[in-house]
Every structure is written in C-alpha cells, then in structure tokens.
>>> print(open('work-v6.txt').read())   # compact mmCIF, N, CA and C atoms and all ligand atoms
# COMPACT_ATOMS: atom_id res chain seq x y z
N MET A 1 123.84 82.37 80.39
CA MET A 1 123.34 81.57 81.52
C MET A 1 122.60 80.35 80.98
N PRO A 2 122.95 79.16 81.47
CA PRO A 2 122.29 77.96 80.92
C PRO A 2 120.83 77.90 81.33
N ALA A 3 120.05 77.30 80.47
CA ALA A 3 118.64 77.10 80.79
C ALA A 3 118.52 76.04 81.88
N THR A 4 117.56 76.18 82.72
CA THR A 4 117.34 75.19 83.76
C THR A 4 116.00 74.53 83.53
N SER A 5 115.92 73.29 83.93
CA SER A 5 114.68 72.56 83.74
C SER A 5 114.43 71.70 84.98
N ILE A 6 113.21 71.75 85.47
CA ILE A 6 112.86 70.98 86.66
C ILE A 6 111.68 70.09 86.32
N GLU A 7 111.85 68.83 86.50
CA GLU A 7 110.75 67.91 86.23
C GLU A 7 110.63 66.92 87.37
N PRO A 8 109.43 66.47 87.65
CA PRO A 8 109.27 65.47 88.71
C PRO A 8 110.00 64.19 88.40
N GLY A 9 110.24 63.89 87.13
CA GLY A 9 110.99 62.70 86.76
C GLY A 9 110.09 61.55 86.38
N PRO A 10 110.64 60.59 85.64
CA PRO A 10 109.83 59.46 85.20
C PRO A 10 109.35 58.63 86.39
N GLY A 11 108.16 58.18 86.30
CA GLY A 11 107.63 57.34 87.36
C GLY A 11 107.14 58.11 88.56
N HIS A 12 107.28 59.44 88.50
CA HIS A 12 106.82 60.24 89.62
C HIS A 12 105.29 60.15 89.70
N PRO A 13 104.76 59.77 90.85
CA PRO A 13 103.31 59.63 90.94
C PRO A 13 102.62 60.98 90.80
N ARG A 14 101.49 60.95 90.13
CA ARG A 14 100.72 62.17 90.03
C ARG A 14 100.23 62.54 91.42
N GLY A 15 100.46 63.75 91.79
CA GLY A 15 100.05 64.19 93.12
C GLY A 15 99.56 65.61 93.03
N ASN A 16 99.98 66.42 93.97
CA ASN A 16 99.59 67.81 93.95
C ASN A 16 100.85 68.67 94.00
N ASP A 17 101.71 68.46 93.04
CA ASP A 17 102.99 69.17 93.01
C ASP A 17 102.80 70.60 92.54
N THR A 18 103.53 71.49 93.17
CA THR A 18 103.43 72.90 92.83
C THR A 18 104.79 73.44 92.42
N ALA A 19 104.81 74.15 91.32
CA ALA A 19 106.01 74.85 90.88
C ALA A 19 105.74 76.35 90.96
N THR A 20 106.66 77.08 91.55
CA THR A 20 106.48 78.53 91.68
C THR A 20 107.63 79.24 90.96
N PHE A 21 107.27 80.18 90.11
CA PHE A 21 108.26 80.98 89.38
C PHE A 21 108.31 82.38 89.99
N TYR A 22 109.51 82.83 90.31
CA TYR A 22 109.70 84.20 90.79
C TYR A 22 110.40 84.99 89.71
N ASP A 23 109.92 86.20 89.48
CA ASP A 23 110.46 87.00 88.39
C ASP A 23 111.68 87.80 88.82
N THR A 24 112.17 88.62 87.90
CA THR A 24 113.23 89.57 88.21
C THR A 24 112.60 90.97 88.33
N THR A 25 113.40 91.96 88.67
CA THR A 25 112.87 93.32 88.74
C THR A 25 112.64 93.89 87.34
N GLY A 26 113.20 93.25 86.32
CA GLY A 26 113.02 93.69 84.94
C GLY A 26 111.73 93.14 84.36
N ASN A 27 111.67 93.14 83.04
CA ASN A 27 110.48 92.66 82.34
C ASN A 27 110.58 91.16 82.11
N ASP A 28 109.55 90.45 82.53
CA ASP A 28 109.56 89.00 82.42
C ASP A 28 108.29 88.50 81.73
N ILE A 29 108.41 87.32 81.16
CA ILE A 29 107.28 86.66 80.52
C ILE A 29 107.03 85.35 81.25
N PHE A 30 105.79 85.12 81.62
CA PHE A 30 105.38 83.84 82.21
C PHE A 30 104.37 83.23 81.26
N ALA A 31 104.62 82.02 80.82
CA ALA A 31 103.69 81.35 79.92
C ALA A 31 103.45 79.94 80.44
N ALA A 32 102.19 79.54 80.48
CA ALA A 32 101.87 78.24 81.07
C ALA A 32 100.86 77.50 80.21
N TRP A 33 101.05 76.20 80.15
CA TRP A 33 100.12 75.28 79.52
C TRP A 33 99.76 74.23 80.57
N PRO A 34 98.77 73.39 80.32
CA PRO A 34 98.38 72.42 81.35
C PRO A 34 99.50 71.49 81.79
N THR A 35 100.47 71.22 80.92
CA THR A 35 101.52 70.25 81.27
C THR A 35 102.90 70.85 81.47
N HIS A 36 103.08 72.12 81.15
CA HIS A 36 104.39 72.72 81.38
C HIS A 36 104.26 74.24 81.47
N ALA A 37 105.32 74.87 81.94
CA ALA A 37 105.30 76.33 82.09
C ALA A 37 106.71 76.87 81.96
N VAL A 38 106.81 78.11 81.55
CA VAL A 38 108.12 78.76 81.43
C VAL A 38 108.05 80.17 81.99
N MET A 39 109.16 80.65 82.50
CA MET A 39 109.32 82.07 82.78
C MET A 39 110.69 82.47 82.26
N TYR A 40 110.73 83.60 81.57
CA TYR A 40 112.01 84.03 81.05
C TYR A 40 112.06 85.54 80.98
N GLY A 41 113.27 86.03 80.92
CA GLY A 41 113.51 87.46 80.85
C GLY A 41 114.94 87.69 80.40
N ASN A 42 115.47 88.83 80.76
CA ASN A 42 116.82 89.18 80.33
C ASN A 42 117.85 88.25 80.95
N GLY A 43 118.41 87.35 80.15
CA GLY A 43 119.49 86.51 80.61
C GLY A 43 119.12 85.21 81.27
N TYR A 44 117.86 84.87 81.31
CA TYR A 44 117.51 83.58 81.92
C TYR A 44 116.27 82.98 81.27
N PHE A 45 116.14 81.68 81.45
CA PHE A 45 114.98 80.95 80.94
C PHE A 45 114.76 79.76 81.86
N ASN A 46 113.61 79.70 82.49
CA ASN A 46 113.29 78.58 83.39
C ASN A 46 112.06 77.86 82.88
N ASP A 47 112.06 76.55 82.98
CA ASP A 47 110.86 75.83 82.59
C ASP A 47 110.62 74.63 83.50
N THR A 48 109.39 74.19 83.50
CA THR A 48 109.00 73.03 84.29
C THR A 48 108.08 72.16 83.44
N ALA A 49 107.91 70.93 83.87
CA ALA A 49 106.97 70.04 83.20
C ALA A 49 106.37 69.11 84.23
N GLY A 50 105.10 68.84 84.07
CA GLY A 50 104.46 67.80 84.86
C GLY A 50 103.91 68.22 86.20
N PHE A 51 104.01 69.49 86.54
CA PHE A 51 103.45 69.92 87.82
C PHE A 51 101.95 70.16 87.68
N GLU A 52 101.20 69.71 88.68
CA GLU A 52 99.75 69.90 88.63
C GLU A 52 99.38 71.36 88.89
N SER A 53 100.20 72.02 89.69
CA SER A 53 99.92 73.40 90.06
C SER A 53 101.14 74.26 89.75
N THR A 54 100.92 75.35 89.03
CA THR A 54 102.02 76.23 88.68
C THR A 54 101.63 77.67 89.03
N VAL A 55 102.57 78.40 89.63
CA VAL A 55 102.30 79.77 90.04
C VAL A 55 103.41 80.66 89.50
N GLY A 56 103.04 81.75 88.86
CA GLY A 56 104.00 82.75 88.41
C GLY A 56 103.77 84.03 89.20
N ILE A 57 104.86 84.62 89.69
CA ILE A 57 104.73 85.81 90.53
C ILE A 57 105.53 86.95 89.92
N SER A 58 104.87 88.09 89.77
CA SER A 58 105.51 89.29 89.26
C SER A 58 105.74 90.26 90.42
N SER A 59 106.97 90.76 90.52
CA SER A 59 107.28 91.71 91.59
C SER A 59 107.50 93.12 91.06
N GLY A 60 107.58 93.26 89.74
CA GLY A 60 107.80 94.58 89.17
C GLY A 60 108.22 94.46 87.72
N GLY A 61 108.20 95.57 87.02
CA GLY A 61 108.50 95.55 85.60
C GLY A 61 107.24 95.34 84.80
N ALA A 62 107.39 95.44 83.48
CA ALA A 62 106.24 95.26 82.59
C ALA A 62 106.09 93.78 82.27
N ASP A 63 105.71 93.02 83.27
CA ASP A 63 105.62 91.57 83.12
C ASP A 63 104.30 91.17 82.48
N GLN A 64 104.37 90.10 81.71
CA GLN A 64 103.17 89.61 81.05
C GLN A 64 103.02 88.11 81.32
N ALA A 65 101.77 87.69 81.49
CA ALA A 65 101.48 86.28 81.72
C ALA A 65 100.55 85.78 80.62
N TYR A 66 100.85 84.59 80.12
CA TYR A 66 100.04 83.96 79.08
C TYR A 66 99.59 82.60 79.60
N LEU A 67 98.30 82.45 79.80
CA LEU A 67 97.77 81.20 80.33
C LEU A 67 97.01 80.48 79.23
N ASN A 68 97.45 79.29 78.93
CA ASN A 68 96.86 78.52 77.84
C ASN A 68 96.04 77.37 78.40
N ASP A 69 94.86 77.17 77.85
CA ASP A 69 93.93 76.19 78.39
C ASP A 69 94.20 74.79 77.83
N SER A 70 93.43 73.83 78.29
CA SER A 70 93.50 72.47 77.79
C SER A 70 92.43 72.29 76.70
N ALA A 71 92.43 71.12 76.09
CA ALA A 71 91.41 70.82 75.07
C ALA A 71 90.05 70.57 75.71
N GLY A 72 90.03 70.28 77.01
CA GLY A 72 88.78 70.01 77.71
C GLY A 72 88.18 71.27 78.30
N ASP A 73 87.37 71.09 79.32
CA ASP A 73 86.68 72.20 79.96
C ASP A 73 87.62 72.90 80.95
N ASP A 74 87.68 74.20 80.86
CA ASP A 74 88.56 74.96 81.76
C ASP A 74 87.80 76.14 82.35
N THR A 75 88.30 76.59 83.48
CA THR A 75 87.70 77.72 84.18
C THR A 75 88.75 78.79 84.39
N TYR A 76 88.43 80.00 83.99
CA TYR A 76 89.35 81.12 84.18
C TYR A 76 88.69 82.13 85.10
N THR A 77 89.41 82.51 86.15
CA THR A 77 88.89 83.50 87.08
C THR A 77 89.96 84.58 87.25
N SER A 78 89.55 85.83 87.11
CA SER A 78 90.50 86.92 87.17
C SER A 78 90.07 87.95 88.21
N TRP A 79 91.00 88.27 89.11
CA TRP A 79 90.83 89.37 90.04
C TRP A 79 91.77 90.48 89.60
N TRP A 80 91.75 91.61 90.27
CA TRP A 80 92.57 92.73 89.80
C TRP A 80 94.07 92.42 89.87
N ASN A 81 94.46 91.55 90.78
CA ASN A 81 95.89 91.28 90.95
C ASN A 81 96.24 89.81 90.77
N ARG A 82 95.29 89.01 90.31
CA ARG A 82 95.53 87.57 90.29
C ARG A 82 94.61 86.93 89.26
N ALA A 83 95.10 85.92 88.60
CA ALA A 83 94.27 85.19 87.64
C ALA A 83 94.58 83.70 87.76
N VAL A 84 93.55 82.90 87.66
CA VAL A 84 93.71 81.45 87.79
C VAL A 84 93.00 80.78 86.62
N LEU A 85 93.72 79.90 85.95
CA LEU A 85 93.13 79.07 84.90
C LEU A 85 93.30 77.62 85.35
N SER A 86 92.21 76.87 85.38
CA SER A 86 92.31 75.49 85.83
C SER A 86 91.38 74.60 85.02
N GLY A 87 91.73 73.34 85.01
CA GLY A 87 90.94 72.34 84.32
C GLY A 87 91.27 70.98 84.90
N SER A 88 90.97 69.95 84.16
CA SER A 88 91.18 68.59 84.66
C SER A 88 92.67 68.34 84.91
N GLY A 89 93.05 68.19 86.17
CA GLY A 89 94.41 67.81 86.52
C GLY A 89 95.43 68.91 86.57
N TYR A 90 95.02 70.16 86.39
CA TYR A 90 96.02 71.21 86.45
C TYR A 90 95.41 72.53 86.92
N SER A 91 96.27 73.39 87.43
CA SER A 91 95.88 74.74 87.82
C SER A 91 97.06 75.67 87.59
N THR A 92 96.81 76.81 86.97
CA THR A 92 97.85 77.79 86.71
C THR A 92 97.42 79.13 87.27
N GLU A 93 98.33 79.77 87.99
CA GLU A 93 98.00 81.05 88.60
C GLU A 93 99.05 82.08 88.26
N ALA A 94 98.60 83.30 87.97
CA ALA A 94 99.50 84.42 87.71
C ALA A 94 99.17 85.51 88.72
N ARG A 95 100.20 85.98 89.45
CA ARG A 95 99.98 86.98 90.49
C ARG A 95 100.69 88.28 90.16
N ASN A 96 99.96 89.36 90.24
CA ASN A 96 100.51 90.72 90.17
C ASN A 96 101.07 91.10 88.81
N PHE A 97 100.68 90.41 87.77
CA PHE A 97 101.17 90.78 86.45
C PHE A 97 100.44 92.02 85.94
N VAL A 98 101.20 92.87 85.26
CA VAL A 98 100.60 94.06 84.68
C VAL A 98 99.59 93.65 83.62
N ARG A 99 99.92 92.59 82.92
CA ARG A 99 99.03 92.13 81.85
C ARG A 99 98.93 90.61 81.89
N THR A 100 97.71 90.11 81.83
CA THR A 100 97.50 88.67 81.81
C THR A 100 96.60 88.31 80.64
N TRP A 101 97.02 87.34 79.90
CA TRP A 101 96.23 86.87 78.76
C TRP A 101 95.88 85.42 79.00
N ALA A 102 94.65 85.04 78.68
CA ALA A 102 94.26 83.64 78.78
C ALA A 102 93.56 83.24 77.49
N GLY A 103 93.87 82.09 77.00
CA GLY A 103 93.28 81.63 75.75
C GLY A 103 92.38 80.43 75.98
N ALA A 104 91.25 80.44 75.31
CA ALA A 104 90.33 79.30 75.37
C ALA A 104 90.30 78.65 73.99
N SER A 105 90.58 77.37 73.95
CA SER A 105 90.59 76.68 72.66
C SER A 105 89.30 75.88 72.49
N THR A 106 89.33 74.62 72.88
CA THR A 106 88.13 73.79 72.76
C THR A 106 87.60 73.44 74.14
N GLY A 107 86.39 72.92 74.18
CA GLY A 107 85.77 72.58 75.45
C GLY A 107 84.79 73.65 75.87
N ASN A 108 84.12 73.40 76.98
CA ASN A 108 83.15 74.35 77.50
C ASN A 108 83.86 75.24 78.52
N ASP A 109 84.60 76.20 78.02
CA ASP A 109 85.42 77.06 78.88
C ASP A 109 84.61 78.24 79.39
N THR A 110 84.87 78.59 80.62
CA THR A 110 84.16 79.73 81.20
C THR A 110 85.16 80.72 81.79
N ALA A 111 84.77 81.98 81.84
CA ALA A 111 85.63 83.02 82.39
C ALA A 111 84.81 83.93 83.29
N THR A 112 85.40 84.31 84.40
CA THR A 112 84.76 85.23 85.32
C THR A 112 85.77 86.29 85.72
N PHE A 113 85.34 87.55 85.68
CA PHE A 113 86.22 88.64 86.09
C PHE A 113 85.63 89.34 87.31
N TYR A 114 86.50 89.69 88.24
CA TYR A 114 86.09 90.47 89.40
C TYR A 114 86.86 91.77 89.42
N ASP A 115 86.20 92.83 89.84
CA ASP A 115 86.90 94.11 89.91
C ASP A 115 87.50 94.31 91.30
N LEU A 116 87.98 95.51 91.56
CA LEU A 116 88.67 95.78 92.82
C LEU A 116 87.78 95.58 94.04
N ARG A 117 86.48 95.71 93.86
CA ARG A 117 85.56 95.53 94.99
C ARG A 117 84.93 94.14 94.99
N GLN A 118 85.57 93.24 94.27
CA GLN A 118 85.12 91.85 94.23
C GLN A 118 83.77 91.69 93.55
N ARG A 119 83.37 92.69 92.80
CA ARG A 119 82.12 92.53 92.05
C ARG A 119 82.42 91.77 90.77
N GLN A 120 81.51 90.92 90.41
CA GLN A 120 81.70 90.17 89.19
C GLN A 120 81.40 91.05 87.99
N LEU A 121 82.33 91.11 87.04
CA LEU A 121 82.16 91.98 85.89
C LEU A 121 81.52 91.25 84.72
N HIS A 122 82.04 90.08 84.41
CA HIS A 122 81.54 89.38 83.24
C HIS A 122 81.53 87.89 83.52
N GLY A 123 80.61 87.22 82.94
CA GLY A 123 80.64 85.76 82.94
C GLY A 123 80.24 85.32 81.55
N LEU A 124 81.02 84.43 81.00
CA LEU A 124 80.67 84.00 79.65
C LEU A 124 81.15 82.58 79.44
N ALA A 125 80.46 81.89 78.57
CA ALA A 125 80.82 80.51 78.28
C ALA A 125 81.52 80.45 76.94
N ASP A 126 82.41 79.50 76.81
CA ASP A 126 83.09 79.26 75.55
C ASP A 126 83.80 80.50 75.05
N ALA A 127 84.51 81.13 75.92
CA ALA A 127 85.26 82.33 75.52
C ALA A 127 86.37 81.94 74.56
N ARG A 128 86.51 82.69 73.51
CA ARG A 128 87.56 82.40 72.55
C ARG A 128 88.85 83.13 72.90
N ARG A 129 88.73 84.25 73.52
CA ARG A 129 89.94 85.02 73.80
C ARG A 129 89.66 85.93 74.99
N LEU A 130 90.50 85.84 75.94
CA LEU A 130 90.31 86.64 77.15
C LEU A 130 91.54 87.50 77.35
N ASP A 131 91.33 88.72 77.69
CA ASP A 131 92.46 89.60 77.88
C ASP A 131 92.21 90.42 79.13
N GLY A 132 92.71 89.95 80.22
CA GLY A 132 92.51 90.64 81.49
C GLY A 132 93.60 91.66 81.70
N CYS A 133 93.31 92.68 82.42
CA CYS A 133 94.33 93.66 82.72
C CYS A 133 94.22 94.06 84.18
N ARG A 134 95.23 94.74 84.65
CA ARG A 134 95.42 94.82 86.08
C ARG A 134 94.41 95.72 86.78
N ILE A 135 94.09 96.83 86.22
CA ILE A 135 93.21 97.77 86.90
C ILE A 135 91.83 97.76 86.27
N LEU A 136 90.87 97.22 86.97
CA LEU A 136 89.47 97.26 86.57
C LEU A 136 89.17 96.64 85.21
N GLN A 137 90.11 95.92 84.68
CA GLN A 137 89.91 95.23 83.39
C GLN A 137 89.34 96.16 82.33
N ARG A 138 89.76 97.41 82.34
CA ARG A 138 89.17 98.35 81.40
C ARG A 138 89.46 98.02 79.95
N HIS A 139 90.57 97.36 79.73
CA HIS A 139 90.94 97.09 78.34
C HIS A 139 90.70 95.64 77.94
N CYS A 140 89.86 94.98 78.71
CA CYS A 140 89.62 93.58 78.40
C CYS A 140 88.85 93.42 77.11
N ARG A 141 89.18 92.39 76.42
CA ARG A 141 88.36 92.02 75.27
C ARG A 141 88.39 90.51 75.15
N PHE A 142 87.31 89.97 74.61
CA PHE A 142 87.27 88.53 74.43
C PHE A 142 86.47 88.21 73.18
CA CA A 201 109.54 91.42 86.57
CA CA A 202 89.48 74.38 77.01
>>> encode(input="work-v6.txt", output="structure tokens")
Amino acid sequence: MPATSIEPGPGHPRGNDTATFYDTTGNDIFAAWPTHAVMYGNGYFNDTAGFESTVGISSGGADQAYLNDSAGDDTYTSWWNRAVLSGSGYSTEARNFVRTWAGASTGNDTATFYDLRQRQLHGLADARRLDGCRILQRHCRF
C-alpha cells in the first residue's frame, strides 16, 4: 500500500488546521512532533505536515502514542484516556491509547497528570521524560 501524505501546501496561511488520524483494529503507532505527525501499522503509513492541531485516535489493539515536544516551553496534560501536548503554535492530542509517551527536551516544560476521578496526581517542571499509562498512571515514570 503506498504511503500517503497530506500537507496544507506551500503558501497555505497559518491558521487552526486540524489533522485527525484514525487507527485500525490492530496495533498502531502514533507519533507526533510540533510540525508533523505519523500513524502507521500493519500495511499502512500516514503522515501529515504543517497542521497546528493533530489528533490521534485509538479504537483498539495495543496502540502506542509518542508525543514529542518543541525546543520551547510546552505543556503536557494527561487524563486516563487522553493526553495533550501543546506549545507555541501547535497542539497534539492522543485519545484512548493503551500507552502514551511524551518527551520533554529543552524549555520550561510542565506536565500534569489526572487520575480517573480528575484528581491531579503530579505536577512538575522541566520534566525530562514522561510516561503516562492508561489506568491510574500506575507505571508512570519521569
Ligand atoms: Ca489500533
Ligand atoms: Ca520543550
């Protein structure tokens, strides 16, 4: 199956464009950076570039999401079924993934985790490594 690529195109004005990735019933990988994102699995590979907002959705399987931050200040917020990483000019969201990973590189990055009852579990600045998981973040490490 040929790879597909969707881009706003040259000269496209910066706006609030959203790209949404839908997974398969099998195991899929969603990986996102501030300027591009990919989802791939058995027999397919999809990618985008230049969207300000990107959403990856898992419907089943042992899906994993990897959210990569920018060089500037970023904010990561994780709920039991959803995680959002955002910074200057971009936002990336992963929904219903069994496992979500977010990386903090440079900048004043912050992370907040909420449990099933919306209680805040952790707040920390300049996180180097965040590893959220689906149920109560029991296996999180940073
Ligand atoms: Ca899947
Ligand atoms: Ca950062």
>>> residues_near_ligand(input="work-v6.txt", ligand="ligand CA 202 (chain A)", cutoff="7 Å", atoms="all atoms listed in the file", output="PyMOL selection string")
chain A and resi 69-75+103-109
>>> closest_atom_pairs(input="work-v6.txt", of="chain A", to="ligand CA 201 (chain A)", cutoff="6.5 Å", atoms="all atoms listed in the file", output="JSON lines")
{"residue": "A:Asp23", "atom": "C", "partner": "A:CA201", "partner_atom": "CA", "distance": 4.8}
{"residue": "A:Thr24", "atom": "C", "partner": "A:CA201", "partner_atom": "CA", "distance": 3.6}
{"residue": "A:Thr25", "atom": "C", "partner": "A:CA201", "partner_atom": "CA", "distance": 4.0}
{"residue": "A:Gly26", "atom": "C", "partner": "A:CA201", "partner_atom": "CA", "distance": 3.6}
{"residue": "A:Asn27", "atom": "N", "partner": "A:CA201", "partner_atom": "CA", "distance": 4.5}
{"residue": "A:Asp28", "atom": "N", "partner": "A:CA201", "partner_atom": "CA", "distance": 4.2}
{"residue": "A:Ser58", "atom": "CA", "partner": "A:CA201", "partner_atom": "CA", "distance": 5.3}
{"residue": "A:Ser59", "atom": "N", "partner": "A:CA201", "partner_atom": "CA", "distance": 4.8}
{"residue": "A:Gly60", "atom": "C", "partner": "A:CA201", "partner_atom": "CA", "distance": 3.5}
{"residue": "A:Gly61", "atom": "CA", "partner": "A:CA201", "partner_atom": "CA", "distance": 4.4}
{"residue": "A:Ala62", "atom": "N", "partner": "A:CA201", "partner_atom": "CA", "distance": 5.5}
{"residue": "A:Asp63", "atom": "CA", "partner": "A:CA201", "partner_atom": "CA", "distance": 5.2}
>>> closest_residue(input="work-v6.txt", among="A:Asn42, A:Asn16, A:Thr48, A:Asn68", to="Ser86 of chain A", atoms="only N, CA and C atoms")
A:Asn68
>>> atom_distance(input="work-v6.txt", atom1="atom CA of Arg99 of chain A", atom2="atom CA of Glu52 of chain A")
23.3 Å
>>> closest_residue(input="work-v6.txt", among="A:Tyr66, A:Phe45, A:Phe30, A:Phe97", to="Asn81 of chain A", atoms="only C-alpha atoms")
A:Phe97
>>> atom_distance(input="work-v6.txt", atom1="atom N of Thr92 of chain A", atom2="atom CA of Gly50 of chain A")
12.0 Å
>>> residues_around(input="work-v6.txt", residues="Ile57 of chain A", least_positions_apart="3", cutoff="7 Å", atoms="only C-alpha atoms", output="list in words")
Phe21, Tyr22, Asp23, Ala94, Arg95 and Asn96 of chain A
>>> closest_residue(input="work-v6.txt", among="A:Thr110, A:Ala19, A:Trp80, A:Tyr90", to="Trp33 of chain A", atoms="only N, CA and C atoms")
A:Tyr90
>>> atom_distance(input="work-v6.txt", atom1="atom C of Ala111 of chain A", atom2="atom C of Ala65 of chain A")
16.1 Å
>>> closest_residue(input="work-v6.txt", among="A:Leu85, A:Val55, A:Leu67, A:Met39", to="Thr100 of chain A", atoms="only C-alpha atoms")
A:Leu67
>>> closest_residue(input="work-v6.txt", among="A:Ala32, A:Ala83, A:Val38, A:Asp17", to="Phe51 of chain A", atoms="only N, CA and C atoms")
A:Asp17
